[in-house]
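A.B. asks: Next comes the structure file coords01.txt, holding compact mmCIF, C-alpha atoms.
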# COMPACT_ATOMS: atom_id res chain seq x y z
CA GLN A 1 0.00 0.00 0.00
CA SER A 2 1.56 3.27 -1.12
CA VAL A 3 1.77 6.38 1.05
CA LEU A 4 1.35 9.93 -0.20
CA THR A 5 3.17 12.67 1.71
CA GLN A 6 1.76 16.17 2.23
CA PRO A 7 2.96 19.10 4.34
CA ALA A 8 1.17 19.23 7.69
CA SER A 9 0.11 22.83 7.28
CA VAL A 10 0.04 25.72 4.84
CA SER A 11 -1.18 29.23 5.51
CA GLY A 12 -1.91 32.36 3.55
CA SER A 13 -3.70 35.69 3.74
CA PRO A 14 -7.01 36.41 2.03
CA GLY A 15 -6.47 37.10 -1.65
CA GLN A 16 -3.18 35.24 -1.81
CA SER A 17 -2.49 31.94 -3.54
CA ILE A 18 -1.22 28.82 -1.82
CA THR A 19 0.00 25.48 -3.16
CA ILE A 20 -0.19 22.12 -1.43
CA SER A 21 2.13 19.36 -2.56
CA CYS A 22 1.51 15.62 -2.56
CA THR A 23 4.51 13.36 -3.10
CA GLY A 24 4.22 9.74 -4.15
CA THR A 25 6.16 7.38 -6.40
CA SER A 26 6.30 6.21 -10.00
CA SER A 27 3.84 3.47 -9.00
CA ASP A 28 1.05 5.91 -8.17
CA ILE A 29 1.22 9.64 -8.95
CA GLY A 30 4.01 9.26 -11.51
CA GLY A 31 2.37 6.33 -13.24
CA TYR A 32 -1.19 7.54 -13.80
CA ASN A 33 -3.12 10.75 -14.44
CA TYR A 34 -5.62 9.91 -11.71
CA VAL A 35 -4.85 12.24 -8.81
CA SER A 36 -7.80 13.62 -6.85
CA TRP A 37 -8.04 16.18 -4.05
CA TYR A 38 -10.58 16.44 -1.22
CA GLN A 39 -11.55 19.34 1.03
CA GLN A 40 -12.75 18.58 4.54
CA HIS A 41 -14.15 21.17 6.92
CA PRO A 42 -14.21 20.24 10.63
CA GLY A 43 -17.09 17.93 11.42
CA SER A 44 -17.97 17.38 7.76
CA ALA A 45 -17.29 14.70 5.19
CA PRO A 46 -14.56 15.13 2.58
CA LYS A 47 -15.63 16.80 -0.68
CA LEU A 48 -14.06 16.21 -4.08
CA VAL A 49 -12.52 19.41 -5.49
CA ILE A 50 -10.15 18.06 -8.19
CA PHE A 51 -10.13 14.75 -10.10
CA ASP A 52 -7.97 13.34 -12.91
CA VAL A 53 -5.13 15.72 -11.86
CA THR A 54 -6.66 18.90 -13.31
CA SER A 55 -10.46 18.51 -13.65
CA ARG A 56 -12.98 20.27 -11.42
CA PRO A 57 -16.37 18.76 -10.56
CA SER A 58 -19.44 20.81 -11.34
CA GLY A 59 -19.92 23.54 -8.74
CA ILE A 60 -16.29 23.78 -7.65
CA SER A 61 -14.77 27.25 -7.96
CA ASP A 62 -12.13 27.82 -10.65
CA ARG A 63 -9.93 29.18 -7.84
CA PHE A 64 -9.03 25.52 -7.30
CA SER A 65 -6.55 24.05 -9.76
CA GLY A 66 -4.45 20.91 -9.92
CA SER A 67 -1.22 19.89 -11.59
CA LYS A 68 1.36 17.13 -11.60
CA SER A 69 5.08 16.83 -12.26
CA ASP A 70 6.80 13.47 -12.11
CA ASN A 71 5.86 11.90 -8.76
CA THR A 72 4.45 15.05 -7.16
CA ALA A 73 0.95 16.47 -7.52
CA SER A 74 -0.09 19.93 -6.43
CA LEU A 75 -3.29 21.73 -5.50
CA THR A 76 -3.33 25.51 -5.86
CA ILE A 77 -5.98 27.69 -4.28
CA SER A 78 -6.03 31.18 -5.75
CA TRP A 79 -7.60 34.26 -4.21
CA LEU A 80 -7.72 32.59 -0.82
CA GLN A 81 -10.97 33.06 1.11
CA ALA A 82 -11.93 32.41 4.72
CA ASP A 83 -14.09 29.44 3.70
CA ASP A 84 -11.05 27.73 2.17
CA GLU A 85 -9.78 27.07 5.70
CA ALA A 86 -10.02 23.29 5.92
CA GLU A 87 -8.00 20.09 5.67
CA TYR A 88 -7.05 18.89 2.20
CA PHE A 89 -6.22 15.31 1.22
CA CYS A 90 -4.74 13.98 -2.00
CA TYR A 91 -5.32 10.52 -3.44
CA SER A 92 -3.85 8.67 -6.42
CA TYR A 93 -4.81 5.55 -8.34
CA ALA A 94 -2.04 2.94 -8.06
CA GLY A 95 -3.02 0.32 -10.61
CA SER A 96 -5.46 -2.56 -10.64
CA HIS A 97 -3.32 -4.75 -8.40
CA SER A 98 -2.37 -2.19 -5.76
CA ILE A 99 -4.16 -0.17 -3.13
CA SER A 100 -3.27 3.49 -2.88
CA ALA A 101 -3.47 5.38 0.37
CA PHE A 102 -4.79 8.87 0.83
CA GLY A 103 -2.32 11.63 1.54
CA THR A 104 -1.42 12.52 5.10
CA GLY A 105 -3.50 15.71 4.95
CA THR A 106 -2.69 19.42 4.98
CA ARG A 107 -4.36 21.92 7.26
CA VAL A 108 -4.89 25.22 5.42
CA THR A 109 -5.12 28.30 7.62
CA VAL A 110 -6.35 31.66 6.33
CA LEU A 111 -4.55 34.32 8.32
CA GLN B 1 -28.65 14.85 -6.85
CA VAL B 2 -27.33 11.65 -5.36
CA GLN B 3 -27.08 11.38 -1.59
CA LEU B 4 -25.64 8.64 0.60
CA GLN B 5 -26.59 8.04 4.23
CA GLU B 6 -24.87 5.68 6.64
CA SER B 7 -26.70 3.92 9.46
CA GLY B 8 -25.76 1.47 12.18
CA PRO B 9 -24.75 1.18 15.84
CA GLY B 10 -22.39 3.80 17.15
CA LEU B 11 -20.93 1.53 19.83
CA VAL B 12 -19.56 -1.98 19.34
CA LYS B 13 -17.85 -4.18 21.91
CA PRO B 14 -14.36 -5.58 21.24
CA SER B 15 -14.35 -8.93 19.39
CA GLN B 16 -17.89 -8.33 18.09
CA THR B 17 -19.03 -7.44 14.56
CA LEU B 18 -19.47 -3.91 13.23
CA SER B 19 -22.41 -3.64 10.83
CA LEU B 20 -23.22 -0.58 8.72
CA THR B 21 -25.66 0.12 5.90
CA CYS B 22 -25.56 2.86 3.28
CA THR B 23 -28.81 4.02 1.69
CA VAL B 24 -28.45 5.65 -1.72
CA SER B 25 -31.02 8.17 -2.94
CA GLY B 26 -31.20 10.12 -6.18
CA ASP B 27 -29.47 7.39 -8.20
CA SER B 28 -30.15 3.74 -8.92
CA MET B 29 -27.31 1.40 -8.07
CA SER B 30 -28.67 -1.01 -10.68
CA ARG B 31 -27.75 1.36 -13.55
CA GLY B 32 -24.23 0.02 -13.16
CA ASP B 33 -22.52 3.35 -13.73
CA TYR B 34 -20.69 3.44 -10.41
CA TYR B 35 -18.76 1.51 -7.80
CA TRP B 36 -19.75 1.82 -4.14
CA SER B 37 -17.13 1.98 -1.41
CA TRP B 38 -16.61 2.21 2.32
CA ILE B 39 -13.84 4.46 3.64
CA ARG B 40 -12.99 5.12 7.27
CA GLN B 41 -11.15 7.93 9.02
CA SER B 42 -9.42 7.78 12.37
CA PRO B 43 -7.00 10.21 14.03
CA GLY B 44 -4.22 7.67 14.07
CA LYS B 45 -4.52 6.20 10.57
CA GLY B 46 -6.07 8.99 8.52
CA LEU B 47 -8.33 8.04 5.62
CA GLU B 48 -8.37 4.34 4.74
CA TRP B 49 -10.29 2.74 1.87
CA ILE B 50 -11.91 -0.52 3.02
CA ALA B 51 -13.74 -2.13 0.09
CA TYR B 52 -15.94 -1.54 -2.94
CA ILE B 53 -18.83 -3.36 -4.55
CA TYR B 54 -20.44 -3.18 -8.00
CA TYR B 55 -24.19 -3.63 -8.50
CA SER B 56 -23.52 -7.12 -9.87
CA GLY B 57 -21.97 -8.14 -6.56
CA ALA B 58 -18.35 -7.96 -7.70
CA THR B 59 -16.15 -6.88 -4.79
CA TYR B 60 -12.63 -5.78 -4.00
CA TYR B 61 -11.08 -5.37 -0.54
CA ASN B 62 -8.14 -3.60 1.01
CA PRO B 63 -5.75 -6.48 1.82
CA SER B 64 -5.23 -5.07 5.30
CA LEU B 65 -8.90 -5.68 6.14
CA ARG B 66 -9.89 -8.44 3.71
CA SER B 67 -9.86 -11.24 6.27
CA ARG B 68 -12.30 -9.43 8.60
CA SER B 69 -14.53 -7.50 6.17
CA PHE B 70 -17.56 -8.31 4.08
CA ILE B 71 -19.36 -5.91 1.72
CA SER B 72 -22.72 -6.67 0.17
CA VAL B 73 -25.36 -4.98 -1.99
CA ASP B 74 -29.17 -4.97 -2.05
CA THR B 75 -30.18 -3.32 -5.32
CA ALA B 76 -33.89 -3.70 -4.54
CA GLN B 77 -33.43 -1.48 -1.48
CA ASN B 78 -30.71 0.63 -3.18
CA GLN B 79 -28.41 -0.10 -0.27
CA PHE B 80 -25.01 -1.59 0.36
CA SER B 81 -23.57 -2.79 3.62
CA LEU B 82 -20.32 -3.45 5.46
CA LYS B 83 -19.48 -5.92 8.17
CA VAL B 84 -16.18 -5.98 10.03
CA ASN B 85 -15.74 -8.81 12.50
CA SER B 86 -13.45 -9.29 15.48
CA VAL B 87 -13.22 -5.53 16.00
CA THR B 88 -10.67 -3.90 18.30
CA VAL B 89 -10.21 -0.34 19.52
CA ALA B 90 -8.15 0.24 16.37
CA ASP B 91 -11.38 -0.04 14.35
CA THR B 92 -12.81 3.04 16.09
CA ALA B 93 -13.34 5.57 13.31
CA VAL B 94 -15.80 7.61 11.30
CA TYR B 95 -17.08 5.36 8.54
CA TYR B 96 -18.13 6.89 5.20
CA CYS B 97 -19.95 5.36 2.27
CA VAL B 98 -18.96 6.86 -1.06
CA ARG B 99 -19.55 6.56 -4.80
CA GLY B 100 -16.91 6.29 -7.50
CA ALA B 101 -17.23 6.26 -11.30
CA VAL B 102 -14.19 4.06 -11.80
CA PRO B 103 -12.82 1.71 -9.16
CA LEU B 104 -10.35 3.43 -6.88
CA VAL B 105 -9.83 6.50 -9.09
CA TRP B 106 -11.89 9.10 -7.26
CA PHE B 107 -14.75 9.27 -4.74
CA ASP B 108 -17.82 11.53 -5.00
CA PRO B 109 -20.07 12.14 -3.22
CA TRP B 110 -19.47 11.03 0.37
CA GLY B 111 -22.07 10.25 2.98
CA GLN B 112 -22.04 12.41 6.10
CA GLY B 113 -20.20 9.68 7.99
CA THR B 114 -21.03 7.74 11.13
CA LEU B 115 -18.78 7.42 14.17
CA VAL B 116 -18.28 3.87 15.37
CA THR B 117 -16.60 3.46 18.72
CA VAL B 118 -15.22 0.11 19.82
CA SER B 119 -15.34 -0.10 23.59
CA SER B 120 -16.44 -2.45 26.32
Could you render the structure from this file as structure tokens?
C.D. replies:
Amino acid sequence: QSVLTQPASVSGSPGQSITISCTGTSSDIGGYNYVSWYQQHPGSAPKLVIFDVTSRPSGISDRFSGSKSDNTASLTISWLQADDEAEYFCYSYAGSHSISAFGTGTRVTVL
Amino acid sequence: QVQLQESGPGLVKPSQTLSLTCTVSGDSMSRGDYYWSWIRQSPGKGLEWIAYIYYSGATYYNPSLRSRSFISVDTAQNQFSLKVNSVTVADTAVYYCVRGAVPLVWFDPWGQGTLVTVSS
């Protein structure tokens, strides 16, 4: 079972942009274009904000964008708002014969 | 708009069986467009995918829980269920039922989650 590593916390001021990294291996992030990101507010269930590395589900603000380079995926939140304060988890497909883990989670704080 | 709702006991004794049911509304599981999973979240282990099931009954389990878990589907009731036997305090977590378009690629939406505590 693979493990995806994220920074424990990231912070920014309203209006700024922040980027959260998610580091895996060539067996997961580096091997497939199937990275997804989830936003979780305290006491609530996770919510999908990015899928297939760069795609946004219907209803998700275009302030959220995703990218990938080699074995590292990134989530960028532009024009940071108070409601963006939450925990964010990454996830990557790891092939039909492997189970991928979720990322360790990043707490985003809006200063 | 599809919604998922978990139900089941919030307290289970060690060595007993945890049983949860997920009721799906706004979508028919029988259409066969999606895979239906259980995921749990605990402070110590983060988010952990447990198993998925297809409307046909095809299943796939996380190897770490395969020996103790059983997932099933009832398309007539538009529900799917999870059983985990021989539970320990390490199984204490919030359990979510979720939908995915392709197995293990992404998960959306999630149920609100139900806290299951293992304690005597």
A.B. asks: Might you pull out every residue within 6 Å of A:Ser17, with all atoms listed in the file counted and same-chain residues fewer than 5 positions away left off, and present them as a list of chain:residue names?
C.D. replies: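 Those residues are A:Ile77, A:Ser78, A:Trp79, A:Leu80.
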A.B. asks: Could you give me, as a Markdown table, a per-residue list for chain A showing, wherever an atom lies at most 7 Å from an atom of chain B, the closest pair of atoms and their distance in Å to one decimal, using all atoms listed in the file and sorting by chain then residue number from low to high?
C.D. replies:
| residue | atom | partner | partner_atom | distance |
| --- | --- | --- | --- | --- |
| A:Tyr34 | CA | B:Val105 | CA | 6.0 |
| A:Ser36 | CA | B:Trp106 | CA | 6.1 |
| A:Ser44 | CA | B:Gln112 | CA | 6.6 |
| A:Ala45 | CA | B:Gln112 | CA | 5.4 |
| A:Pro46 | CA | B:Trp110 | CA | 6.8 |
| A:Lys47 | CA | B:Pro109 | CA | 6.9 |
| A:Leu48 | CA | B:Asp108 | CA | 6.1 |
| A:Phe51 | CA | B:Trp106 | CA | 6.6 |
| A:Ser92 | CA | B:Val105 | CA | 6.9 |
| A:Tyr93 | CA | B:Val105 | CA | 5.2 |
| A:Ile99 | CA | B:Asn62 | CA | 6.7 |
| A:Ala101 | CA | B:Glu48 | CA | 6.6 |
| A:Phe102 | CA | B:Leu47 | CA | 6.0 |
| A:Thr104 | CA | B:Gly46 | CA | 6.8 |
A.B. asks: Would you compute the distance between atom CA of B:Ile39 and atom CA of B:Cys22? Give it in Å to one decimal.
C.D. replies: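 Taking atom CA of B:Ile39 as the start and atom CA of B:Cys22 as the end point, the length is 11.8 Å.
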A.B. asks: Applying 12 Å and all atoms listed in the file, which residues near A:Arg63 remain after dropping the ones on its own chain fewer than 3 positions away? List them as an MDAnalysis selection string.
C.D. replies: chainID A and resid 15:19 49:50 56 59:60 66 75:81 84
A.B. asks: I'd like the interatomic distance between atom CA of A:Ser26 and atom CA of A:Gly105, to a tenth of an Å.
C.D. replies: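 Pair atom CA of A:Ser26 / atom CA of A:Gly105 returns 20.2 Å.
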A.B. asks: To one decimal place, how far is atom CA of B:Val12 from atom CA of B:Thr59 in Å?
C.D. replies: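 So the answer is 24.9 Å.
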A.B. asks: Tell me which protein, DNA and RNA residues are within 6 Å of stretch 17-20 of chain B, counting only C-alpha atoms, leaving out same-chain ones fewer than 3 positions away, and put them as an mmCIF file with C-alpha atoms, keeping the file's coordinate frame.
C.D. replies:
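And here is the file that came out, part-v4.cif:
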data_model
loop_
_atom_site.group_PDB
_atom_site.id
_atom_site.type_symbol
_atom_site.label_atom_id
_atom_site.label_comp_id
_atom_site.auth_asym_id
_atom_site.auth_seq_id
_atom_site.Cartn_x
_atom_site.Cartn_y
_atom_site.Cartn_z
ATOM 1 C CA SER B 7 -26.700 3.920 9.460
ATOM 2 C CA GLY B 8 -25.760 1.470 12.180
ATOM 3 C CA SER B 81 -23.570 -2.790 3.620
ATOM 4 C CA LEU B 82 -20.320 -3.450 5.460
ATOM 5 C CA LYS B 83 -19.480 -5.920 8.170
ATOM 6 C CA VAL B 84 -16.180 -5.980 10.030
ATOM 7 C CA ASN B 85 -15.740 -8.810 12.500
ATOM 8 C CA SER B 86 -13.450 -9.290 15.480
#
A.B. asks: Env of B:Tyr34: 8 Å cut, atoms = only C-alpha atoms, seq-sep filter 6 positions within chain, self excluded. Answer as number ranges by chain.
C.D. replies: B: 54, 99-102
A.B. asks: Counting only C-alpha atoms, which residue out of B:Ala93, B:Gly32, B:Gln77, B:Ser72 sits closest to B:Ala51?
C.D. replies: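 Of the candidates, the smallest distance to B:Ala51 is held by B:Ser72.
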A.B. asks: Taking 6 positions as the minimum chain separation for residues in the same chain, which residues sit within 6 Å of B:Val24 when counting only C-alpha atoms? Answer as an mmCIF file with C-alpha atoms, in the frame of the given file.
C.D. replies:
data_model
loop_
_atom_site.group_PDB
_atom_site.id
_atom_site.type_symbol
_atom_site.label_atom_id
_atom_site.label_comp_id
_atom_site.auth_asym_id
_atom_site.auth_seq_id
_atom_site.Cartn_x
_atom_site.Cartn_y
_atom_site.Cartn_z
ATOM 1 C CA GLN B 3 -27.080 11.380 -1.590
ATOM 2 C CA LEU B 4 -25.640 8.640 0.600
ATOM 3 C CA ASN B 78 -30.710 0.630 -3.180
ATOM 4 C CA GLN B 79 -28.410 -0.100 -0.270
#
A.B. asks: Around the point (-29.5, 2.8, -12.1), in the coordinates given by the file, pick out the residues reaching within 12 Å, counting all atoms listed in the file, and return them as a list in words.
C.D. replies: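 Those residues, ordered by chain and then number, are Val2, Val24, Ser25, Gly26, Asp27, Ser28, Met29, Ser30, Arg31, Gly32, Asp33, Tyr34, Tyr35, Tyr54, Tyr55, Ser56, Thr75, Ala76 and Asn78 of chain B.
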A.B. asks: Select, from A:Ser74, A:Ser61, A:Ser69, A:Ser11, the residue with the minimum atom-to-atom distance to A:Tyr32, counting all atoms listed in the file.
C.D. replies: A:Ser69
A.B. asks: Between B:Ser67, B:Thr21, B:Val89, B:Trp36, which residue has the minimum interatomic distance to B:Tyr52, considering all atoms listed in the file?
C.D. replies: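 Among B:Ser67, B:Thr21, B:Val89, B:Trp36, it is B:Trp36 that comes nearest to B:Tyr52.
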A.B. asks: I'd like the box whose edges run along x, y and z of the file and which contains every listed atom of stretch 40-52 of chain B, padded by 4 Å per side; could you state its centre and edge lengths in Å, one decimal, as JSON?
C.D. replies:
{"center_x": -10.1, "center_y": 4.0, "center_z": 5.6, "size_x": 19.7, "size_y": 20.3, "size_z": 25.0}
A.B. asks: Could you rebuild stretch 10-27 of chain B with N, CA and C atoms and give me the result as a PDB file, in the coordinates of the input?
C.D. replies:
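Result file is part.pdb:
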ATOM      1  N   GLY B  10     -23.536   2.931  16.916  1.00  0.00           N
ATOM      2  CA  GLY B  10     -22.390   3.800  17.150  1.00  0.00           C
ATOM      3  C   GLY B  10     -21.401   3.222  18.154  1.00  0.00           C
ATOM      4  N   LEU B  11     -21.797   2.145  18.817  1.00  0.00           N
ATOM      5  CA  LEU B  11     -20.930   1.530  19.830  1.00  0.00           C
ATOM      6  C   LEU B  11     -20.913   0.021  19.625  1.00  0.00           C
ATOM      7  N   VAL B  12     -19.723  -0.539  19.523  1.00  0.00           N
ATOM      8  CA  VAL B  12     -19.560  -1.980  19.340  1.00  0.00           C
ATOM      9  C   VAL B  12     -18.527  -2.472  20.352  1.00  0.00           C
ATOM     10  N   LYS B  13     -18.776  -3.623  20.932  1.00  0.00           N
ATOM     11  CA  LYS B  13     -17.850  -4.180  21.910  1.00  0.00           C
ATOM     12  C   LYS B  13     -16.681  -4.880  21.203  1.00  0.00           C
ATOM     13  N   PRO B  14     -15.510  -4.852  21.829  1.00  0.00           N
ATOM     14  CA  PRO B  14     -14.360  -5.580  21.240  1.00  0.00           C
ATOM     15  C   PRO B  14     -14.702  -7.030  20.989  1.00  0.00           C
ATOM     16  N   SER B  15     -14.187  -7.552  19.886  1.00  0.00           N
ATOM     17  CA  SER B  15     -14.350  -8.930  19.390  1.00  0.00           C
ATOM     18  C   SER B  15     -15.692  -9.146  18.690  1.00  0.00           C
ATOM     19  N   GLN B  16     -16.605  -8.172  18.761  1.00  0.00           N
ATOM     20  CA  GLN B  16     -17.890  -8.330  18.090  1.00  0.00           C
ATOM     21  C   GLN B  16     -17.817  -7.829  16.646  1.00  0.00           C
ATOM     22  N   THR B  17     -18.974  -7.809  15.973  1.00  0.00           N
ATOM     23  CA  THR B  17     -19.030  -7.440  14.560  1.00  0.00           C
ATOM     24  C   THR B  17     -19.655  -6.070  14.370  1.00  0.00           C
ATOM     25  N   LEU B  18     -18.976  -5.242  13.612  1.00  0.00           N
ATOM     26  CA  LEU B  18     -19.470  -3.910  13.230  1.00  0.00           C
ATOM     27  C   LEU B  18     -20.317  -4.086  11.979  1.00  0.00           C
ATOM     28  N   SER B  19     -21.524  -3.530  11.989  1.00  0.00           N
ATOM     29  CA  SER B  19     -22.410  -3.640  10.830  1.00  0.00           C
ATOM     30  C   SER B  19     -22.956  -2.269  10.454  1.00  0.00           C
ATOM     31  N   LEU B  20     -22.750  -1.872   9.213  1.00  0.00           N
ATOM     32  CA  LEU B  20     -23.220  -0.580   8.720  1.00  0.00           C
ATOM     33  C   LEU B  20     -23.953  -0.757   7.389  1.00  0.00           C
ATOM     34  N   THR B  21     -24.921   0.114   7.155  1.00  0.00           N
ATOM     35  CA  THR B  21     -25.660   0.120   5.900  1.00  0.00           C
ATOM     36  C   THR B  21     -25.637   1.517   5.313  1.00  0.00           C
ATOM     37  N   CYS B  22     -25.528   1.590   4.003  1.00  0.00           N
ATOM     38  CA  CYS B  22     -25.560   2.860   3.280  1.00  0.00           C
ATOM     39  C   CYS B  22     -26.781   2.872   2.364  1.00  0.00           C
ATOM     40  N   THR B  23     -27.626   3.863   2.533  1.00  0.00           N
ATOM     41  CA  THR B  23     -28.810   4.020   1.690  1.00  0.00           C
ATOM     42  C   THR B  23     -28.534   5.099   0.648  1.00  0.00           C
ATOM     43  N   VAL B  24     -28.717   4.738  -0.613  1.00  0.00           N
ATOM     44  CA  VAL B  24     -28.450   5.650  -1.720  1.00  0.00           C
ATOM     45  C   VAL B  24     -29.769   6.217  -2.230  1.00  0.00           C
ATOM     46  N   SER B  25     -29.832   7.529  -2.374  1.00  0.00           N
ATOM     47  CA  SER B  25     -31.020   8.170  -2.940  1.00  0.00           C
ATOM     48  C   SER B  25     -30.600   9.080  -4.084  1.00  0.00           C
ATOM     49  N   GLY B  26     -31.488   9.260  -5.048  1.00  0.00           N
ATOM     50  CA  GLY B  26     -31.200  10.120  -6.180  1.00  0.00           C
ATOM     51  C   GLY B  26     -30.435   9.441  -7.309  1.00  0.00           C
ATOM     52  N   ASP B  27     -30.168   8.149  -7.170  1.00  0.00           N
ATOM     53  CA  ASP B  27     -29.470   7.390  -8.200  1.00  0.00           C
ATOM     54  C   ASP B  27     -29.790   5.925  -7.982  1.00  0.00           C
TER      55      ASP B  27
END
